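So the structure is just underneath, and the comments pick up after that.
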Amino acid sequence: MAEVLLSPGVLAQENDQSFLQAQPVQAGAAILGPTVKGPVGIPTIVTTYSQYQNKFGTVVESGSAEYTYFTSIAAYNYFQQGGDSLLVTRVVSGSYSEATSSTIPAGESGVLSTDADELLASFVSVSASIGSWTAGLTGSLSGTGAIATLTLDTTSSISTVTVTTAGSGYVVGETVTAATGSLGYFSGSLTFTLTADDIVNSNSGIVLETLSEGIEQNSNSTLGSSGQLASGSKDNVRWEIVAPNTSSGTFSLLIRRGDDITNSKTILETWANLSLDPNAINYIEKIIGNSKQTVEQDAGTDEYYIKNDGTYKTLSNYVRVKSVATKTLNYFDNAGNAKDAYTGSIPIASSGTFGSATGTPFATITGTFYENIGTNTQGLIADNYIVSLNLLANRDLFRYNLIAAPGLTKQSHSSPLTTMVNTSQTRGDNLSVIDLRNYDSGINSVTAGAAGTDSSYAATYWPWLQTIDPDLGGNAIRSTQVWVPASTMMLGVYAFNDNAGEPWFAPAGLSRGGLSTVLRAERNLTNGNRNTLYEANVNPIATFPNTGVVVFGQKTMQKKASALDRVNVRRLLIALKNYISQIADNLVFEQNTIATRNNFLTQVNPYLESVQQRQGLYAFKVVMDNSNNTPDVIDRNQLVGQIYLQPTKTAEFIYLDFNILPTGATFPA
């Protein structure tokens, strides 16, 4: 209980107002389009460009030339300008699948099966040699119990018969001597007993599968003199088993890059001290993971969703464990010794590759890159994007505040871009940046293209821009200059704006709209050109002497004049709704009482005050009390809050009056 002054004096009290408010979950940009590799159709977060390169690749070869997708160029510029989270969705054409490894070999088991039928069922062939030739020899294998009987018929003079049987599970070798003598003719039955050393486990039953899909994950298993793969590239992977130990039942797995060699290995991941014992904490599936995600469609609602399979979350960036056939359950006996029945299952030191993947874009994409895109854009068409766009409509699963699909234009791909804008408007938490026209279009064509979209959740920029491809050369000597649509570069502009200012600042102008990585614009716009574009809700990208290429507009594509026809105001609302909605999420199913309402107000008001201090709002008011939560509202299990905002406006049109006065005139007050 607080102290109360009952006689004159001084009372010093503490009021702790330093509690830190929880920050909202930050949402970055989203981008969808073709990539060299990576999971197909699964939105994946990357936080650096190097991570993007590892997961999705960069350079694609087609028609004896190298290209980079707009997706990669956009990702590079986004992170260069300070972006910290990018949701990437790979779009492909046709059917794609993962690559799998050859089954990893194991050592000798030393275990004798007492069931001859089991052994015989594994045999697929029998061969015998008589000296240096085999003419006239036939044979068959049968048996019961632990005895296998070989029956040979020959017309040749023999002294020794070497018998070899090969099967899917065992390899057996045995040498027998003819019963009739060293030089006589032999015809009849020879009987021999299989011993423990005759039986060798041919594999450990471990099969790995790549996370990436498409033939880029395949490697030709033929090795050169230096251990190089005939078709190994930096975009595929290979595996290697090292340090197998039958005493401890452990081994280590290396994931290597496909273009390395024996004496210069590029190790992407190291998974040490793995076990095949499902009860062990270092069991291979627990450590590496075996989960898999696929895009499925609900048969009843036609909605697309991501299906999760597997028991353990996949922690590797490159592979998952597809199967383990020969598990070593409880590897040690009661005395702590490795069981003989399991030691042969431990993989031997070996290496291998991946194969059997399907899906390739490389045969159909020549001539559809950069300024040459049209209906076929980088090997894709409009319909290839629809499933991914529908999947990204799931607001609960995927968070982003900005989305672009560089390579799509309203001129050639109207349907997916319309879907993207409609999705942004339905979700209400992100802005679509779209391109209107292909390369080499006129201003009238651009403004006409803008007329078909009316939404404050979309913005467009023009003209096309030339930049240095970050992965083809990327330096002054070997640089490759390419043309890209404006949306490719705008993700970076928005990222810089948010780092230099706030989301509710205008991503335009000399301070925050500079395009430092752009060499030149397709067209140097005049003041009249900029006026024409801006009146049509197209944000012009201007070129100024001694300044360079600059974004010089910040309109949304909303036709009706209001505060929301500006990008900074739309993004202000997106930021506020994102934060306040997350606070409200915690109130669902709470008691509809004054205490609950006050809990909301004590979090929202300080946040809006901070936005006001950071120049996002002129004024605001939040109402959540008995005036809008009447008994009738409460009885309907509703909690109502009303938020009134006066967003700040940007100074886009600056008028300066220069008044010339005669000598001796008095200046106005």
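Chain labels follow the order of the structure tokens: the first chain is A, the next B, and so on; residue numbering restarts at 1 in every chain, and ligands are counted from 1 in their shown order.
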Rows by chain and residue number, range 250-360 of chain A within 9 Å of range 389-408 of chain A, shortest pair, only C-alpha atoms, as JSON lines:
```
{"residue": "A:Val295", "atom": "CA", "partner": "A:Leu391", "partner_atom": "CA", "distance": 8.4}
{"residue": "A:Glu303", "atom": "CA", "partner": "A:Asn390", "partner_atom": "CA", "distance": 7.7}
{"residue": "A:Tyr304", "atom": "CA", "partner": "A:Leu391", "partner_atom": "CA", "distance": 5.7}
{"residue": "A:Tyr305", "atom": "CA", "partner": "A:Leu391", "partner_atom": "CA", "distance": 6.3}
{"residue": "A:Ile306", "atom": "CA", "partner": "A:Leu391", "partner_atom": "CA", "distance": 8.1}
```
Near-Val622 in chain A list (7 Å; only C-alpha atoms; drop same-chain fewer than 3 positions) as a ChimeraX atom specification: /A:642-644
Those selected residues, please, written with N, CA and C atoms and delivered as a JSON list (two decimals), in the first residue's frame.
```json
[["chain", "number", "residue", "atom", "x", "y", "z"],
["A", 642, "GLN", "N", -11.79, 2.54, -32.17],
["A", 642, "GLN", "CA", -11.78, 3.50, -33.27],
["A", 642, "GLN", "C", -10.53, 4.34, -33.18],
["A", 643, "ILE", "N", -9.79, 4.39, -34.28],
["A", 643, "ILE", "CA", -8.51, 5.09, -34.33],
["A", 643, "ILE", "C", -8.62, 6.20, -35.38],
["A", 644, "TYR", "N", -8.44, 7.43, -34.95],
["A", 644, "TYR", "CA", -8.53, 8.59, -35.83],
["A", 644, "TYR", "C", -7.11, 9.12, -36.09]]
```
Residues of range 224-413 of chain A in alpha helix (DSSP H), written as a list in words: Ile284, Glu285, Lys286, Ile287, Ile288, Asp340, Ala341, Tyr342, Thr343, Ile386, Val387, Ser388, Leu389, Asn390 and Leu391 of chain A
Those same residues - C-alpha atoms - I'd like them written as a PDB file, in the first residue's frame.
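As a result, again-v3.pdb now contains:
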```pdb
ATOM      1  CA  ILE A 284      20.792 -38.679 -38.431  1.00  0.00           C
ATOM      2  CA  GLU A 285      17.142 -37.787 -39.101  1.00  0.00           C
ATOM      3  CA  LYS A 286      16.935 -35.776 -35.876  1.00  0.00           C
ATOM      4  CA  ILE A 287      20.101 -33.809 -36.629  1.00  0.00           C
ATOM      5  CA  ILE A 288      19.746 -33.114 -40.358  1.00  0.00           C
ATOM      6  CA  ASP A 340      27.714 -57.459 -33.923  1.00  0.00           C
ATOM      7  CA  ALA A 341      24.395 -57.372 -35.739  1.00  0.00           C
ATOM      8  CA  TYR A 342      24.711 -53.593 -36.249  1.00  0.00           C
ATOM      9  CA  THR A 343      28.385 -52.810 -36.853  1.00  0.00           C
ATOM     10  CA  ILE A 386      -0.852 -17.906 -60.565  1.00  0.00           C
ATOM     11  CA  VAL A 387      -0.330 -20.698 -58.006  1.00  0.00           C
ATOM     12  CA  SER A 388       2.401 -18.787 -56.157  1.00  0.00           C
ATOM     13  CA  LEU A 389       0.326 -15.604 -56.049  1.00  0.00           C
ATOM     14  CA  ASN A 390      -2.646 -17.505 -54.637  1.00  0.00           C
ATOM     15  CA  LEU A 391      -0.396 -19.070 -52.016  1.00  0.00           C
TER      16      LEU A 391
END
```
For range 443-449 of chain A, find every residue with an atom within 10 Å (counting only C-alpha atoms), except residues of its own chain fewer than 4 positions away, and show them as a PDB file with N, CA and C atoms, in the first residue's frame.
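Just written: result28.pdb:
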```pdb
ATOM      1  N   THR A 409       4.796  -7.597 -66.927  1.00  0.00           N
ATOM      2  CA  THR A 409       4.285  -6.270 -67.274  1.00  0.00           C
ATOM      3  C   THR A 409       2.792  -6.373 -67.571  1.00  0.00           C
ATOM      4  N   LYS A 410       2.079  -5.276 -67.315  1.00  0.00           N
ATOM      5  CA  LYS A 410       0.643  -5.266 -67.630  1.00  0.00           C
ATOM      6  C   LYS A 410       0.413  -5.471 -69.118  1.00  0.00           C
ATOM      7  N   GLN A 411       1.373  -5.088 -69.934  1.00  0.00           N
ATOM      8  CA  GLN A 411       1.249  -5.246 -71.376  1.00  0.00           C
ATOM      9  C   GLN A 411       1.195  -6.715 -71.780  1.00  0.00           C
ATOM     10  N   SER A 414      -1.034  -9.341 -67.865  1.00  0.00           N
ATOM     11  CA  SER A 414      -2.015  -8.580 -67.097  1.00  0.00           C
ATOM     12  C   SER A 414      -2.632  -9.395 -65.967  1.00  0.00           C
ATOM     13  N   ASP A 435       5.112  -3.160 -63.079  1.00  0.00           N
ATOM     14  CA  ASP A 435       5.573  -2.530 -64.320  1.00  0.00           C
ATOM     15  C   ASP A 435       4.452  -2.583 -65.351  1.00  0.00           C
ATOM     16  N   LEU A 436       4.343  -1.524 -66.123  1.00  0.00           N
ATOM     17  CA  LEU A 436       3.235  -1.415 -67.066  1.00  0.00           C
ATOM     18  C   LEU A 436       3.573  -1.894 -68.466  1.00  0.00           C
ATOM     19  N   ARG A 437       4.743  -1.546 -68.960  1.00  0.00           N
ATOM     20  CA  ARG A 437       5.046  -1.781 -70.372  1.00  0.00           C
ATOM     21  C   ARG A 437       6.410  -2.430 -70.548  1.00  0.00           C
ATOM     22  N   ASN A 438       6.559  -3.104 -71.690  1.00  0.00           N
ATOM     23  CA  ASN A 438       7.827  -3.705 -72.060  1.00  0.00           C
ATOM     24  C   ASN A 438       8.810  -2.612 -72.466  1.00  0.00           C
ATOM     25  N   THR A 453      -5.685   0.226 -63.778  1.00  0.00           N
ATOM     26  CA  THR A 453      -5.509  -0.139 -62.368  1.00  0.00           C
ATOM     27  C   THR A 453      -5.895   1.036 -61.487  1.00  0.00           C
ATOM     28  N   TYR A 461       6.366   2.610 -61.730  1.00  0.00           N
ATOM     29  CA  TYR A 461       7.470   3.526 -62.040  1.00  0.00           C
ATOM     30  C   TYR A 461       7.921   3.295 -63.486  1.00  0.00           C
ATOM     31  N   TRP A 462       8.444   4.343 -64.102  1.00  0.00           N
ATOM     32  CA  TRP A 462       8.890   4.259 -65.504  1.00  0.00           C
ATOM     33  C   TRP A 462       9.915   5.340 -65.738  1.00  0.00           C
ATOM     34  N   PRO A 463      10.905   5.161 -66.590  1.00  0.00           N
ATOM     35  CA  PRO A 463      11.109   4.105 -67.584  1.00  0.00           C
ATOM     36  C   PRO A 463      11.977   2.953 -67.074  1.00  0.00           C
ATOM     37  N   LEU A 525      13.729  12.025 -69.164  1.00  0.00           N
ATOM     38  CA  LEU A 525      12.413  12.651 -69.194  1.00  0.00           C
ATOM     39  C   LEU A 525      12.518  14.165 -69.079  1.00  0.00           C
ATOM     40  N   ASN A 529       7.259  15.594 -69.747  1.00  0.00           N
ATOM     41  CA  ASN A 529       7.067  14.146 -69.647  1.00  0.00           C
ATOM     42  C   ASN A 529       6.687  13.746 -68.223  1.00  0.00           C
ATOM     43  N   ARG A 530       7.382  14.301 -67.254  1.00  0.00           N
ATOM     44  CA  ARG A 530       7.114  13.974 -65.856  1.00  0.00           C
ATOM     45  C   ARG A 530       5.702  14.397 -65.463  1.00  0.00           C
ATOM     46  N   THR A 532       3.083  14.620 -67.453  1.00  0.00           N
ATOM     47  CA  THR A 532       2.136  13.702 -68.099  1.00  0.00           C
ATOM     48  C   THR A 532       2.046  12.383 -67.339  1.00  0.00           C
ATOM     49  N   LEU A 533       3.187  11.865 -66.954  1.00  0.00           N
ATOM     50  CA  LEU A 533       3.211  10.597 -66.233  1.00  0.00           C
ATOM     51  C   LEU A 533       2.568  10.732 -64.856  1.00  0.00           C
ATOM     52  N   TYR A 534       2.905  11.805 -64.135  1.00  0.00           N
ATOM     53  CA  TYR A 534       2.420  11.951 -62.765  1.00  0.00           C
ATOM     54  C   TYR A 534       0.911  12.150 -62.718  1.00  0.00           C
ATOM     55  N   GLU A 535       0.388  12.848 -63.707  1.00  0.00           N
ATOM     56  CA  GLU A 535      -1.065  13.025 -63.770  1.00  0.00           C
ATOM     57  C   GLU A 535      -1.777  11.701 -64.010  1.00  0.00           C
ATOM     58  N   ALA A 536      -1.077  10.740 -64.604  1.00  0.00           N
ATOM     59  CA  ALA A 536      -1.651   9.408 -64.857  1.00  0.00           C
ATOM     60  C   ALA A 536      -1.289   8.416 -63.761  1.00  0.00           C
ATOM     61  N   ASN A 537      -0.759   8.909 -62.642  1.00  0.00           N
ATOM     62  CA  ASN A 537      -0.371   8.063 -61.495  1.00  0.00           C
ATOM     63  C   ASN A 537       0.786   7.128 -61.819  1.00  0.00           C
ATOM     64  N   VAL A 538       1.653   7.552 -62.722  1.00  0.00           N
ATOM     65  CA  VAL A 538       2.894   6.838 -63.006  1.00  0.00           C
ATOM     66  C   VAL A 538       4.038   7.658 -62.421  1.00  0.00           C
TER      67      VAL A 538
END
```
Filtered DSSP result for range 301-359 of chain A, state strand (DSSP E), as a list in words: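 So, restricting range 301-359 of chain A to strand (DSSP E), we get Tyr304, Tyr305, Ile306, Lys307, Asn308, Asp309, Val319, Arg320, Val321, Lys322, Ser323, Val324, Ser350, Ser351, Gly352, Thr353, Phe354 and Gly355 of chain A.
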Those same residues, written as a PDB file, in the first residue's frame with C-alpha atoms?
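Saved to part37.pdb:
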```pdb
ATOM      1  CA  TYR A 304      -3.543 -23.747 -52.469  1.00  0.00           C
ATOM      2  CA  TYR A 305      -1.702 -24.564 -49.274  1.00  0.00           C
ATOM      3  CA  ILE A 306       1.641 -25.890 -48.080  1.00  0.00           C
ATOM      4  CA  LYS A 307       1.621 -29.473 -46.875  1.00  0.00           C
ATOM      5  CA  ASN A 308       4.218 -30.495 -44.283  1.00  0.00           C
ATOM      6  CA  ASP A 309       5.571 -34.049 -44.257  1.00  0.00           C
ATOM      7  CA  VAL A 319      19.590 -31.767 -48.117  1.00  0.00           C
ATOM      8  CA  ARG A 320      17.089 -33.757 -46.106  1.00  0.00           C
ATOM      9  CA  VAL A 321      17.189 -37.426 -45.104  1.00  0.00           C
ATOM     10  CA  LYS A 322      14.784 -39.206 -47.425  1.00  0.00           C
ATOM     11  CA  SER A 323      15.042 -42.646 -45.819  1.00  0.00           C
ATOM     12  CA  VAL A 324      17.066 -44.832 -43.444  1.00  0.00           C
ATOM     13  CA  SER A 350      33.042 -42.874 -49.330  1.00  0.00           C
ATOM     14  CA  SER A 351      31.575 -40.100 -51.450  1.00  0.00           C
ATOM     15  CA  GLY A 352      28.812 -39.780 -54.018  1.00  0.00           C
ATOM     16  CA  THR A 353      26.561 -37.510 -56.025  1.00  0.00           C
ATOM     17  CA  PHE A 354      22.899 -36.713 -56.559  1.00  0.00           C
ATOM     18  CA  GLY A 355      20.761 -37.493 -59.562  1.00  0.00           C
TER      19      GLY A 355
END
```
For range 560-574 of chain A, find every residue with an atom within 9 Å (counting only C-alpha atoms), except residues of its own chain fewer than 5 positions away, and show them as a PDB file with N, CA and C atoms, in the first residue's frame.
```
ATOM      1  N   ASN A 401       5.578  -6.449 -46.496  1.00  0.00           N
ATOM      2  CA  ASN A 401       4.949  -5.137 -46.658  1.00  0.00           C
ATOM      3  C   ASN A 401       5.105  -4.557 -48.053  1.00  0.00           C
ATOM      4  N   GLY A 428      -4.395  -6.055 -47.242  1.00  0.00           N
ATOM      5  CA  GLY A 428      -4.332  -4.736 -46.623  1.00  0.00           C
ATOM      6  C   GLY A 428      -3.056  -4.442 -45.870  1.00  0.00           C
ATOM      7  N   ASP A 429      -2.007  -5.247 -46.105  1.00  0.00           N
ATOM      8  CA  ASP A 429      -0.777  -5.043 -45.336  1.00  0.00           C
ATOM      9  C   ASP A 429       0.467  -4.932 -46.208  1.00  0.00           C
ATOM     10  N   ASN A 430       0.292  -4.708 -47.505  1.00  0.00           N
ATOM     11  CA  ASN A 430       1.463  -4.584 -48.365  1.00  0.00           C
ATOM     12  C   ASN A 430       1.138  -3.777 -49.613  1.00  0.00           C
ATOM     13  N   LEU A 431       2.170  -3.329 -50.290  1.00  0.00           N
ATOM     14  CA  LEU A 431       2.055  -2.516 -51.503  1.00  0.00           C
ATOM     15  C   LEU A 431       2.664  -3.276 -52.662  1.00  0.00           C
ATOM     16  N   ASP A 454      -6.763   0.792 -60.511  1.00  0.00           N
ATOM     17  CA  ASP A 454      -7.208   1.837 -59.587  1.00  0.00           C
ATOM     18  C   ASP A 454      -7.137   1.275 -58.174  1.00  0.00           C
ATOM     19  N   SER A 455      -6.019   1.506 -57.506  1.00  0.00           N
ATOM     20  CA  SER A 455      -5.827   0.961 -56.158  1.00  0.00           C
ATOM     21  C   SER A 455      -4.736   1.734 -55.437  1.00  0.00           C
ATOM     22  N   SER A 456      -4.958   2.001 -54.165  1.00  0.00           N
ATOM     23  CA  SER A 456      -3.915   2.632 -53.353  1.00  0.00           C
ATOM     24  C   SER A 456      -2.898   1.611 -52.870  1.00  0.00           C
ATOM     25  N   TYR A 457      -3.122   0.340 -53.196  1.00  0.00           N
ATOM     26  CA  TYR A 457      -2.195  -0.714 -52.804  1.00  0.00           C
ATOM     27  C   TYR A 457      -1.250  -1.088 -53.938  1.00  0.00           C
ATOM     28  N   ALA A 458      -1.148  -0.221 -54.952  1.00  0.00           N
ATOM     29  CA  ALA A 458      -0.240  -0.467 -56.067  1.00  0.00           C
ATOM     30  C   ALA A 458       0.461   0.832 -56.437  1.00  0.00           C
ATOM     31  N   ALA A 459       1.700   0.703 -56.897  1.00  0.00           N
ATOM     32  CA  ALA A 459       2.467   1.843 -57.396  1.00  0.00           C
ATOM     33  C   ALA A 459       3.281   1.371 -58.587  1.00  0.00           C
ATOM     34  N   GLU A 502      11.801   6.682 -42.474  1.00  0.00           N
ATOM     35  CA  GLU A 502      10.767   5.816 -41.919  1.00  0.00           C
ATOM     36  C   GLU A 502       9.895   5.316 -43.069  1.00  0.00           C
ATOM     37  N   PRO A 503       9.133   4.236 -42.854  1.00  0.00           N
ATOM     38  CA  PRO A 503       8.248   3.764 -43.923  1.00  0.00           C
ATOM     39  C   PRO A 503       7.267   4.831 -44.396  1.00  0.00           C
ATOM     40  N   TRP A 504       6.911   5.784 -43.524  1.00  0.00           N
ATOM     41  CA  TRP A 504       5.949   6.815 -43.912  1.00  0.00           C
ATOM     42  C   TRP A 504       6.619   8.036 -44.535  1.00  0.00           C
ATOM     43  N   PHE A 505       7.921   7.935 -44.835  1.00  0.00           N
ATOM     44  CA  PHE A 505       8.573   8.967 -45.626  1.00  0.00           C
ATOM     45  C   PHE A 505       8.428   8.595 -47.100  1.00  0.00           C
ATOM     46  N   ALA A 506       8.521   9.577 -47.965  1.00  0.00           N
ATOM     47  CA  ALA A 506       8.371   9.325 -49.400  1.00  0.00           C
ATOM     48  C   ALA A 506       9.642   8.694 -49.967  1.00  0.00           C
ATOM     49  N   PRO A 507       9.543   7.525 -50.597  1.00  0.00           N
ATOM     50  CA  PRO A 507      10.716   6.906 -51.231  1.00  0.00           C
ATOM     51  C   PRO A 507      10.985   7.572 -52.582  1.00  0.00           C
ATOM     52  N   ASN A 537      -0.759   8.909 -62.642  1.00  0.00           N
ATOM     53  CA  ASN A 537      -0.371   8.063 -61.495  1.00  0.00           C
ATOM     54  C   ASN A 537       0.786   7.128 -61.819  1.00  0.00           C
ATOM     55  N   GLN A 554       5.746   9.806 -56.075  1.00  0.00           N
ATOM     56  CA  GLN A 554       5.381   8.853 -55.019  1.00  0.00           C
ATOM     57  C   GLN A 554       3.874   8.685 -54.940  1.00  0.00           C
ATOM     58  N   LYS A 555       3.249   8.574 -56.091  1.00  0.00           N
ATOM     59  CA  LYS A 555       1.811   8.340 -56.130  1.00  0.00           C
ATOM     60  C   LYS A 555       1.503   6.853 -56.119  1.00  0.00           C
ATOM     61  N   TYR A 579       1.260  -3.099 -36.729  1.00  0.00           N
ATOM     62  CA  TYR A 579       1.594  -3.074 -35.305  1.00  0.00           C
ATOM     63  C   TYR A 579       0.347  -3.242 -34.436  1.00  0.00           C
ATOM     64  N   GLY A 616       5.260  11.065 -38.590  1.00  0.00           N
ATOM     65  CA  GLY A 616       4.305  10.285 -39.360  1.00  0.00           C
ATOM     66  C   GLY A 616       2.880  10.789 -39.239  1.00  0.00           C
ATOM     67  N   LEU A 617       2.566  11.477 -38.134  1.00  0.00           N
ATOM     68  CA  LEU A 617       1.204  11.933 -37.873  1.00  0.00           C
ATOM     69  C   LEU A 617       1.225  13.374 -37.374  1.00  0.00           C
ATOM     70  N   PRO A 647      -2.598  11.954 -41.028  1.00  0.00           N
ATOM     71  CA  PRO A 647      -1.241  11.662 -41.521  1.00  0.00           C
ATOM     72  C   PRO A 647      -0.562  12.917 -42.047  1.00  0.00           C
ATOM     73  N   THR A 648       0.746  12.961 -41.893  1.00  0.00           N
ATOM     74  CA  THR A 648       1.506  14.080 -42.443  1.00  0.00           C
ATOM     75  C   THR A 648       1.566  13.958 -43.962  1.00  0.00           C
ATOM     76  N   LYS A 649       1.688  15.071 -44.613  1.00  0.00           N
ATOM     77  CA  LYS A 649       1.762  15.116 -46.078  1.00  0.00           C
ATOM     78  C   LYS A 649       3.170  15.542 -46.491  1.00  0.00           C
ATOM     79  N   THR A 650       3.544  15.156 -47.669  1.00  0.00           N
ATOM     80  CA  THR A 650       4.858  15.539 -48.178  1.00  0.00           C
ATOM     81  C   THR A 650       4.754  16.824 -48.985  1.00  0.00           C
TER      82      THR A 650
END
```
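By chain and then residue number, the residues within 7 Å of Ser85 in chain A are Gly28, Ala29, Ile45, Val46 and Thr47 of chain A, counting only C-alpha atoms and disregarding those fewer than 4 positions away in sequence.
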